[in-house]
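Take a look at the structure set out below.
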Amino acid sequence: MNLIDPLEPPELQLLRQTRIIEALVRRATRQNEIGQTAYSAFQSAIELQSQVAAKTRDLERAADELKSIRFEGERTRKSLDEALAVMGEGFALFTDGQLDICNDLFQHLLPDVAQQVVPGLTLPEYYDLMAQSRVVVSTDRQIRAGGTEGVPAASSVIELTEDRWYQLSMQRTSLDNTVLLLTDITAIVRQNRSEKEHLIDRQADYLQAVFDNMTSGVCSFSDTGQLVMHNHQFRQLTGLPMTALQKGMTLTRLLNLMTVRGFIADYTLREVDDWRHELIEKGRLRRQVRSRADQVFDLQANHLPDGGFLVELKDVTLEHRATETLEKRVSERTSELTQANTQLTEQYEEKARVEEELRLAKERAEAAVSSKTRFLAAASHDLLQPINAAKLLIATLQSHSAQSDLAPMVGRIKGAFTSIEQLLHALLDISRLDSADSDTVSPSTLNLGAIMQNVFEDQTAVAEERGVSLRMVPCNVYVRSDSLYLLRSIQNLVVNAIQYTPRGGQVLLGCRRKEGRIVLQVWDTGIGIGAEDQSRIFEEFARAGNVPAGSGVGLGLSIVERTCRHLGHRLWMSSEVGVGSVFCIELDEVHPDTMLEIPPTLPVSSASLEGCIALVVENDDDVLFATTQTLETWGASVLAAKSTEEALGHMRDMGIPPDIMLVDYQLDGSDTGLATIAAVRDESATHVPAIMITADRRERLLRAGAEQDFAVMTKPVQVSRLRPLIEWKLRVGTAPKVGNDSICAVAHLG
């Protein structure tokens, strides 16, 4: 084990080696005393002598190293003293808070306390000496003793006598010692002071130049009310001679002099005290003063930081006179405007009275139109009921008299009723389209090809009868529109084309795509429409000049225009007299989800409805009778009822559900065809096929038909479409449901 730490100082190592040798000698002596043999003693003495010799050599080497270290330390200390002596800054090192070493500049910077700046001086004590020194004039920060709180900031500026300046800097070393540096900054301070004074002088010259060249007169007064300075413009405005306006003149004397010379009125002196109080309280003052020569001056005073005040005087005579002139003109103009306003008020009141009369007249007219609209809408059901019954009876009568002499007469009766039906439909359509009801049109996704097919089939016979060739280009596109009004619009266009095309002419119905939209077109080789009539052809009761008498009342194209305007469809036409016309309706193309619809063509079957039990629910006796007669003519057994309860009674008496139901929507009281369909299906526990025949054309019935699986036909019923629909419903209406999908037939056929 090494008993001496080589890192310890040489003096301590030498002391430890001496103690070890002494301990070994005592041990050898003690071993001889307890009876060692001479040989053992001799051997021990030899070993001890060798150890002592080794230790002696170590001590001699350590003493040499110690001398070398002391020599190097003395040389280093001497070099440090020489370096500190030649430094241009004061330097002091405080070790463990006490002065260890400093140079002469630091020690003798303050001669009156230089004898006390000795090693061992603490840092707070040095700051106390600095504060007590008569050589120190001031410091930029307070330097006070008191532990670490007495230590100044990292850098302080100290002013000494004879205009000397030093910067005191304090730094911490890595061994947590403190170094103070005193740097002479006298030259820098004096240079900055000189530059500052030069800059102030230049600023003063600049301000004086600005002061002298101001357009307004300016003067300043001290806190005692004495004139300090003024510019040339102030003297010119006041009219005072240069000898009278001198520095040190009191404000009172200046005002008296200005009063005597007539610059200001006498009463101005009485207001000076009030001006002073306002200037002191608010720090600024602004007044207008008038001279005896009727000049007007704008006087503005502002308080200065040193207690004085600055006065600015500006001649505003011209501005004041212009303002007075303007005010006079404004007053005159105001009087004129007041008079004109009075006249306008009278005219406005008269206009308001006339507008109120017009408003009342408009309200009465709108009330009349609304009453007419409500009457037609409410009466539509009652108006269509007898026509519906008459059509069914005429169809039955026509089938019975087909081979008799009455057949031509029955045909003429049918034609007359067809004309009445078309005119009534036109009036009802215009009434609905002119109403404010938001449910007038109900856009939905439609198969345009199916609607075109329906119109084509309906008008083919009419075209053949008139000797006109009607052709259609089939299409299978879906559009967004109202099914009823789109059907009516296409029908009106085709009917007009057939009506105004001479025998042997042609009418073409088709559609084409145009930039992502569908354009439905109706072409004809008819008489054409003149340019003078094309701008008004879509107005109600408007007819072209070349149309022969007895060709209708001119409502068809008006219905088409109203329909397209409500649905947002673009409508236009092109025509040439003697060549023909083309009418176009532009619609949005859509891509519907997969759905089942009634086929566009329902072929008429010659098979009898023999054995079919049909339940007819209708509250109108004539319509119920006509529907019953028509179905019995087709071979069906009919159960006629006027309400849901009566229909349920017939089914209970028969003991089995009917094969099909034909129900009206609007029954007596709160009873409806929806309730009849639901009640029959619930009580019979059978999904009985159903057709609802109604004059109600609202979209909600179509949605109800899609949800509850029944067809919808509008009144008056077209017999040619009723029988194919019954046969189709009998074939597919009772088909089993697959999953959540069911066969849904919605026939909106008029």
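Labels for the structure tokens follow display order: chains A, B, ..., residues from 1 in each chain, ligands from 1.
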
Residues of region 167-353 of chain A in alpha helix (DSSP H) according to DSSP, as JSON, numbers by chain? {"A": [186, 187, 188, 189, 190, 191, 192, 193, 194, 195, 196, 197, 198, 199, 200, 201, 202, 203, 204, 205, 206, 207, 208, 209, 210, 211, 212, 232, 233, 234, 235, 236, 237, 238, 251, 252, 253, 254, 255, 256, 257, 258, 259, 260, 267, 268, 269, 270, 272, 273, 274, 275, 276, 277, 278, 279, 280, 281, 282, 317, 318, 319, 320, 321, 322, 323, 324, 325, 326, 327, 328, 329, 330, 331, 332, 333, 334, 335, 336, 337, 338, 339, 340, 341, 342, 343, 344, 345, 346, 347, 348, 349, 350, 351, 352, 353]}

Pick out the residues sitting within 7 Å of Cys102 (chain A), and hand them over as a count of residues only; count only C-alpha atoms, and ignore anything fewer than 4 positions along from it in its own chain. 5

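Of the listed residues (A:Leu446, A:Val507, A:Val560, A:Val688), A:Val560 comes nearest to Tyr485 (chain A); the distances count only C-alpha atoms.
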
Which residues are close to Leu285 (chain A), i.e. within 12 Å by only C-alpha atoms, leaving aside same-chain residues fewer than 2 positions away? Reply as a PyMOL selection string. chain A and resi 272+274-283+287-288+298-303+309-313

Residue subset to file, keeping C-alpha atoms, as a PDB file, in the first residue's frame:
```pdb
ATOM      1  CA  VAL A 272     -55.806  86.844 -20.495  1.00  0.00           C
ATOM      2  CA  ASP A 274     -58.785  83.036 -18.017  1.00  0.00           C
ATOM      3  CA  TRP A 275     -56.500  81.965 -20.843  1.00  0.00           C
ATOM      4  CA  ARG A 276     -53.654  81.312 -18.418  1.00  0.00           C
ATOM      5  CA  HIS A 277     -55.823  79.146 -16.169  1.00  0.00           C
ATOM      6  CA  GLU A 278     -57.071  77.101 -19.130  1.00  0.00           C
ATOM      7  CA  LEU A 279     -53.523  76.702 -20.455  1.00  0.00           C
ATOM      8  CA  ILE A 280     -52.292  75.467 -17.068  1.00  0.00           C
ATOM      9  CA  GLU A 281     -55.211  73.057 -16.597  1.00  0.00           C
ATOM     10  CA  LYS A 282     -55.453  71.622 -20.111  1.00  0.00           C
ATOM     11  CA  GLY A 283     -51.905  72.234 -21.388  1.00  0.00           C
ATOM     12  CA  ARG A 287     -58.860  81.089 -29.582  1.00  0.00           C
ATOM     13  CA  GLN A 288     -59.766  83.393 -32.418  1.00  0.00           C
ATOM     14  CA  ASP A 298     -56.044  82.038 -34.958  1.00  0.00           C
ATOM     15  CA  LEU A 299     -54.144  81.943 -31.651  1.00  0.00           C
ATOM     16  CA  GLN A 300     -52.909  78.616 -30.313  1.00  0.00           C
ATOM     17  CA  ALA A 301     -50.813  78.168 -27.136  1.00  0.00           C
ATOM     18  CA  ASN A 302     -49.192  74.981 -25.843  1.00  0.00           C
ATOM     19  CA  HIS A 303     -47.528  74.291 -22.513  1.00  0.00           C
ATOM     20  CA  PHE A 309     -45.488  78.105 -23.220  1.00  0.00           C
ATOM     21  CA  LEU A 310     -45.344  78.445 -26.991  1.00  0.00           C
ATOM     22  CA  VAL A 311     -47.709  80.785 -28.861  1.00  0.00           C
ATOM     23  CA  GLU A 312     -48.569  80.354 -32.540  1.00  0.00           C
ATOM     24  CA  LEU A 313     -50.362  83.145 -34.405  1.00  0.00           C
TER      25      LEU A 313
END
```

So that I can check the surroundings of Met170 (chain A), please list as a short mmCIF file (atom, residue, chain, number, x, y, z; two decimals) with N, CA and C atoms, in the first residue's frame every protein, DNA and RNA residue that reaches within 7 Å of it, counting only C-alpha atoms and ignoring chain neighbours fewer than 4 positions away.
```
data_model
loop_
_atom_site.label_atom_id
_atom_site.label_comp_id
_atom_site.auth_asym_id
_atom_site.auth_seq_id
_atom_site.Cartn_x
_atom_site.Cartn_y
_atom_site.Cartn_z
N ALA A 154 -22.46 44.45 -13.64
CA ALA A 154 -21.27 43.93 -14.33
C ALA A 154 -20.43 45.05 -14.92
N SER A 155 -21.02 46.22 -15.17
CA SER A 155 -20.27 47.35 -15.73
C SER A 155 -20.85 48.64 -15.19
N THR A 178 -13.08 36.66 -8.37
CA THR A 178 -13.60 37.89 -8.95
C THR A 178 -12.45 38.73 -9.47
N VAL A 179 -12.62 39.23 -10.70
CA VAL A 179 -11.63 40.10 -11.33
C VAL A 179 -12.28 41.45 -11.57
N LEU A 180 -11.62 42.53 -11.11
CA LEU A 180 -12.07 43.89 -11.36
C LEU A 180 -11.13 44.55 -12.35
N LEU A 181 -11.72 45.22 -13.37
CA LEU A 181 -10.96 45.93 -14.39
C LEU A 181 -11.41 47.39 -14.39
#
```

Need to verify the contact set: Met214 (chain A), 10 Å, only C-alpha atoms, exclusion of same-chain residues closer than 4 positions in sequence. Can you return it as a PDB file with C-alpha atoms, in the first residue's frame?
```
ATOM      1  CA  ALA A 209     -34.154  77.934 -39.568  1.00  0.00           C
ATOM      2  CA  VAL A 210     -37.465  76.067 -39.416  1.00  0.00           C
ATOM      3  CA  VAL A 218     -44.416  81.866 -33.352  1.00  0.00           C
ATOM      4  CA  ASN A 231     -39.684  84.568 -35.503  1.00  0.00           C
ATOM      5  CA  HIS A 232     -39.879  87.182 -38.222  1.00  0.00           C
ATOM      6  CA  GLN A 233     -43.456  86.257 -39.174  1.00  0.00           C
ATOM      7  CA  PHE A 234     -44.718  86.988 -35.653  1.00  0.00           C
TER       8      PHE A 234
END
```

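For the atom pair formed by CA of Ser291 (chain A) and CA of Glu324 (chain A), the distance is 16.9 Å, given to one decimal.
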
Using only C-alpha atoms, which of the listed residues (A:Pro502, A:Gly90, A:Pro657, A:Gly307) sits closest to Glu683 (chain A)? A:Pro657

Would you mind writing down, as a PyMOL selection string, each residue of region 552-721 of chain A that DSSP on the backbone assigns to strand (DSSP E or B)? chain A and resi 570-576+580-590+613-617+637-641+660-664+666+672+690-694+711-714

Residue selection dump (C-alpha atoms) as a PDB file, in the first residue's frame:
```
ATOM      1  CA  ARG A 570     -85.267  26.416 -71.163  1.00  0.00           C
ATOM      2  CA  LEU A 571     -87.942  26.833 -73.870  1.00  0.00           C
ATOM      3  CA  TRP A 572     -87.441  28.212 -77.375  1.00  0.00           C
ATOM      4  CA  MET A 573     -88.796  27.846 -80.868  1.00  0.00           C
ATOM      5  CA  SER A 574     -87.903  28.490 -84.487  1.00  0.00           C
ATOM      6  CA  SER A 575     -90.369  28.827 -87.304  1.00  0.00           C
ATOM      7  CA  GLU A 576     -90.779  29.916 -90.924  1.00  0.00           C
ATOM      8  CA  GLY A 580     -92.802  24.561 -90.479  1.00  0.00           C
ATOM      9  CA  SER A 581     -91.773  24.989 -86.854  1.00  0.00           C
ATOM     10  CA  VAL A 582     -89.677  23.349 -84.172  1.00  0.00           C
ATOM     11  CA  PHE A 583     -90.317  23.714 -80.418  1.00  0.00           C
ATOM     12  CA  CYS A 584     -87.560  22.750 -77.960  1.00  0.00           C
ATOM     13  CA  ILE A 585     -87.493  22.101 -74.197  1.00  0.00           C
ATOM     14  CA  GLU A 586     -84.045  21.737 -72.596  1.00  0.00           C
ATOM     15  CA  LEU A 587     -83.931  19.551 -69.420  1.00  0.00           C
ATOM     16  CA  ASP A 588     -81.267  18.324 -66.987  1.00  0.00           C
ATOM     17  CA  GLU A 589     -80.210  14.714 -67.515  1.00  0.00           C
ATOM     18  CA  VAL A 590     -79.906  12.593 -64.361  1.00  0.00           C
ATOM     19  CA  ILE A 613    -113.664  -9.608 -58.690  1.00  0.00           C
ATOM     20  CA  ALA A 614    -113.100  -5.827 -58.658  1.00  0.00           C
ATOM     21  CA  LEU A 615    -113.814  -3.633 -55.615  1.00  0.00           C
ATOM     22  CA  VAL A 616    -114.744  -0.059 -56.694  1.00  0.00           C
ATOM     23  CA  VAL A 617    -114.854   2.623 -53.966  1.00  0.00           C
ATOM     24  CA  SER A 637    -117.690  -8.906 -61.195  1.00  0.00           C
ATOM     25  CA  VAL A 638    -117.926  -5.546 -59.423  1.00  0.00           C
ATOM     26  CA  LEU A 639    -118.417  -4.786 -55.716  1.00  0.00           C
ATOM     27  CA  ALA A 640    -119.506  -1.122 -55.612  1.00  0.00           C
ATOM     28  CA  ALA A 641    -118.965   0.841 -52.366  1.00  0.00           C
ATOM     29  CA  ILE A 660    -108.157  -5.753 -57.456  1.00  0.00           C
ATOM     30  CA  MET A 661    -109.259  -2.420 -55.939  1.00  0.00           C
ATOM     31  CA  LEU A 662    -110.160   0.791 -57.808  1.00  0.00           C
ATOM     32  CA  VAL A 663    -110.555   3.549 -55.229  1.00  0.00           C
ATOM     33  CA  ASP A 664    -111.043   7.302 -55.295  1.00  0.00           C
ATOM     34  CA  GLN A 666    -111.231  11.936 -51.783  1.00  0.00           C
ATOM     35  CA  THR A 672    -109.784   8.578 -48.082  1.00  0.00           C
ATOM     36  CA  ALA A 690    -104.831  -1.383 -56.074  1.00  0.00           C
ATOM     37  CA  ILE A 691    -105.326   1.537 -58.449  1.00  0.00           C
ATOM     38  CA  MET A 692    -106.143   4.977 -57.063  1.00  0.00           C
ATOM     39  CA  ILE A 693    -108.173   7.190 -59.426  1.00  0.00           C
ATOM     40  CA  THR A 694    -108.121  10.832 -58.320  1.00  0.00           C
ATOM     41  CA  ALA A 711    -100.902   2.784 -59.101  1.00  0.00           C
ATOM     42  CA  VAL A 712    -102.172   6.355 -59.470  1.00  0.00           C
ATOM     43  CA  MET A 713    -104.389   7.499 -62.382  1.00  0.00           C
ATOM     44  CA  THR A 714    -105.634  11.063 -62.712  1.00  0.00           C
TER      45      THR A 714
END
```

Applying 9 Å and only C-alpha atoms, which residues near Val316 (chain A) remain after dropping the ones on its own chain fewer than 4 positions away? List them as a PyMOL selection string. chain A and resi 288+295-298+320-321

Put those residues in a file: N, CA and C atoms, as an mmCIF file, in the first residue's frame.
```cif
data_model
loop_
_atom_site.group_PDB
_atom_site.id
_atom_site.type_symbol
_atom_site.label_atom_id
_atom_site.label_comp_id
_atom_site.auth_asym_id
_atom_site.auth_seq_id
_atom_site.Cartn_x
_atom_site.Cartn_y
_atom_site.Cartn_z
ATOM 1 N N GLN A 288 -59.800 82.503 -31.268
ATOM 2 C CA GLN A 288 -59.766 83.393 -32.418
ATOM 3 C C GLN A 288 -59.909 84.827 -31.902
ATOM 4 N N GLN A 295 -59.284 92.245 -38.754
ATOM 5 C CA GLN A 295 -58.532 91.055 -39.115
ATOM 6 C C GLN A 295 -58.807 89.955 -38.080
ATOM 7 N N VAL A 296 -58.785 88.725 -38.528
ATOM 8 C CA VAL A 296 -59.055 87.575 -37.656
ATOM 9 C C VAL A 296 -57.800 86.725 -37.596
ATOM 10 N N PHE A 297 -57.382 86.431 -36.338
ATOM 11 C CA PHE A 297 -56.178 85.630 -36.127
ATOM 12 C C PHE A 297 -56.539 84.382 -35.323
ATOM 13 N N ASP A 298 -55.900 83.298 -35.700
ATOM 14 C CA ASP A 298 -56.044 82.038 -34.958
ATOM 15 C C ASP A 298 -54.877 81.942 -33.983
ATOM 16 N N HIS A 320 -61.721 83.100 -42.706
ATOM 17 C CA HIS A 320 -62.898 83.456 -41.914
ATOM 18 C C HIS A 320 -63.962 84.122 -42.788
ATOM 19 N N ARG A 321 -63.499 85.036 -43.657
ATOM 20 C CA ARG A 321 -64.462 85.696 -44.538
ATOM 21 C C ARG A 321 -65.082 84.690 -45.508
#
```

At a cut-off of 12 Å, using only C-alpha atoms, what residues contact Gln208 (chain A)? Leave out same-chain residues fewer than 2 positions from it and give the result as a ChimeraX atom specification. /A:200-206,210-214,218-219,229-232

Please, what distance in Å, to one decimal, runs between CA of Gln718 (chain A) and CA of Val623 (chain A)? 13.5 Å

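Among the candidates A:Asp482, A:Asp682, A:Glu539, A:Glu632, the one nearest to Leu393 (chain A) when counting only C-alpha atoms is A:Glu632.
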
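Between CA of Pro689 (chain A) and CA of Phe710 (chain A) there is a distance of 6.7 Å.
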
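Distance annotation: of A:Gln167, A:Gln629, A:Thr173, A:Ser138, the residue with the minimal separation from Ile185 (chain A) is A:Gln167; atom set is only C-alpha atoms.
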